[in-house]
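Undergrad: Structure provided below as structure tokens; questions to follow.
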Amino acid sequence: MDSAYNSMVSLFQQLGLPSAPEKIDDFIARHHCLSDGMSIDQAPFWNDSQAEFIREALQEDSDWAEAVDQLDARLRY
């Protein structure tokens with residue numbers, strides 16, 4: 001695995017979402033209710049390409065996996 005770090009801002013940019021810190025906080029506040037049995041890539045608010053990107057990031061343990069894991073944790077808080 002590459003040691004590059006992708007921030008939450010970078011992840012939101014990659015997903016085509018507003019990436020200002022306050023916009024990220026707003027997104028999380030609106031969608032913070034993922035159930036324990038739901039994988040983050042199965043959340044209903046992603047479009048197909050966003051869900052696929054998240055799924056691949058986790059399956060391949062890519063440079064994005066850490067940022068996706070952080071987002072997952074924040075969506076369950």
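A note on labels: chains of the structure tokens are A, B, ... as shown, every chain counts residues from 1, and ligands are counted from 1 in their shown order.
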Write out as a PyMOL selection string the set of residues from chain A that DSSP, computed on the backbone, places in alpha helix (DSSP H).
TA: chain A and resi 8-14+21-31+48-59+65-76
Undergrad: Produce a file of the selected residues containing C-alpha atoms, as a compact mmCIF listing (two decimals), in the first residue's frame.
TA:
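Below is the file that was written, out_14.txt:
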# COMPACT_ATOMS: atom_id res chain seq x y z
CA MET A 8 -11.50 14.23 3.87
CA VAL A 9 -11.45 17.35 1.67
CA SER A 10 -9.68 15.38 -1.07
CA LEU A 11 -12.16 12.52 -0.73
CA PHE A 12 -15.13 14.85 -1.14
CA GLN A 13 -13.47 16.42 -4.17
CA GLN A 14 -12.90 12.95 -5.64
CA PRO A 21 -15.00 21.87 5.74
CA GLU A 22 -18.40 23.35 6.63
CA LYS A 23 -19.98 21.60 3.61
CA ILE A 24 -18.46 18.29 4.71
CA ASP A 25 -19.87 18.82 8.20
CA ASP A 26 -23.29 19.62 6.67
CA PHE A 27 -23.18 16.44 4.56
CA ILE A 28 -22.30 14.33 7.60
CA ALA A 29 -25.03 15.98 9.69
CA ARG A 30 -27.61 15.14 7.00
CA HIS A 31 -26.45 11.54 6.51
CA ASP A 48 -23.54 4.60 -8.71
CA SER A 49 -20.07 5.95 -9.48
CA GLN A 50 -19.55 7.26 -5.94
CA ALA A 51 -20.60 3.92 -4.46
CA GLU A 52 -18.29 2.06 -6.83
CA PHE A 53 -15.35 4.33 -5.97
CA ILE A 54 -15.90 3.77 -2.24
CA ARG A 55 -16.30 0.01 -2.69
CA GLU A 56 -13.09 -0.25 -4.73
CA ALA A 57 -11.16 1.96 -2.31
CA LEU A 58 -12.00 -0.41 0.52
CA GLN A 59 -11.62 -3.67 -1.39
CA ALA A 65 -9.28 3.68 2.20
CA GLU A 66 -8.24 5.63 5.29
CA ALA A 67 -10.32 8.68 4.32
CA VAL A 68 -13.28 6.42 3.49
CA ASP A 69 -12.91 4.71 6.88
CA GLN A 70 -12.87 8.11 8.59
CA LEU A 71 -16.00 9.16 6.74
CA ASP A 72 -17.66 5.85 7.60
CA ALA A 73 -16.94 6.41 11.30
CA ARG A 74 -18.28 9.95 11.20
CA LEU A 75 -21.47 8.82 9.45
CA ARG A 76 -22.14 6.35 12.29
Undergrad: State, in Å with one decimal place, the distance from atom CA of Gly16 of chain A to atom CA of Gln42 of chain A.
TA: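 Between atom CA of Gly16 of chain A and atom CA of Gln42 of chain A the gap is 17.6 Å.
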Undergrad: Suppose you want the space between atom CA of Asp61 of chain A and atom CA of Leu17 of chain A; what is it in Å?
TA: 21.8 Å
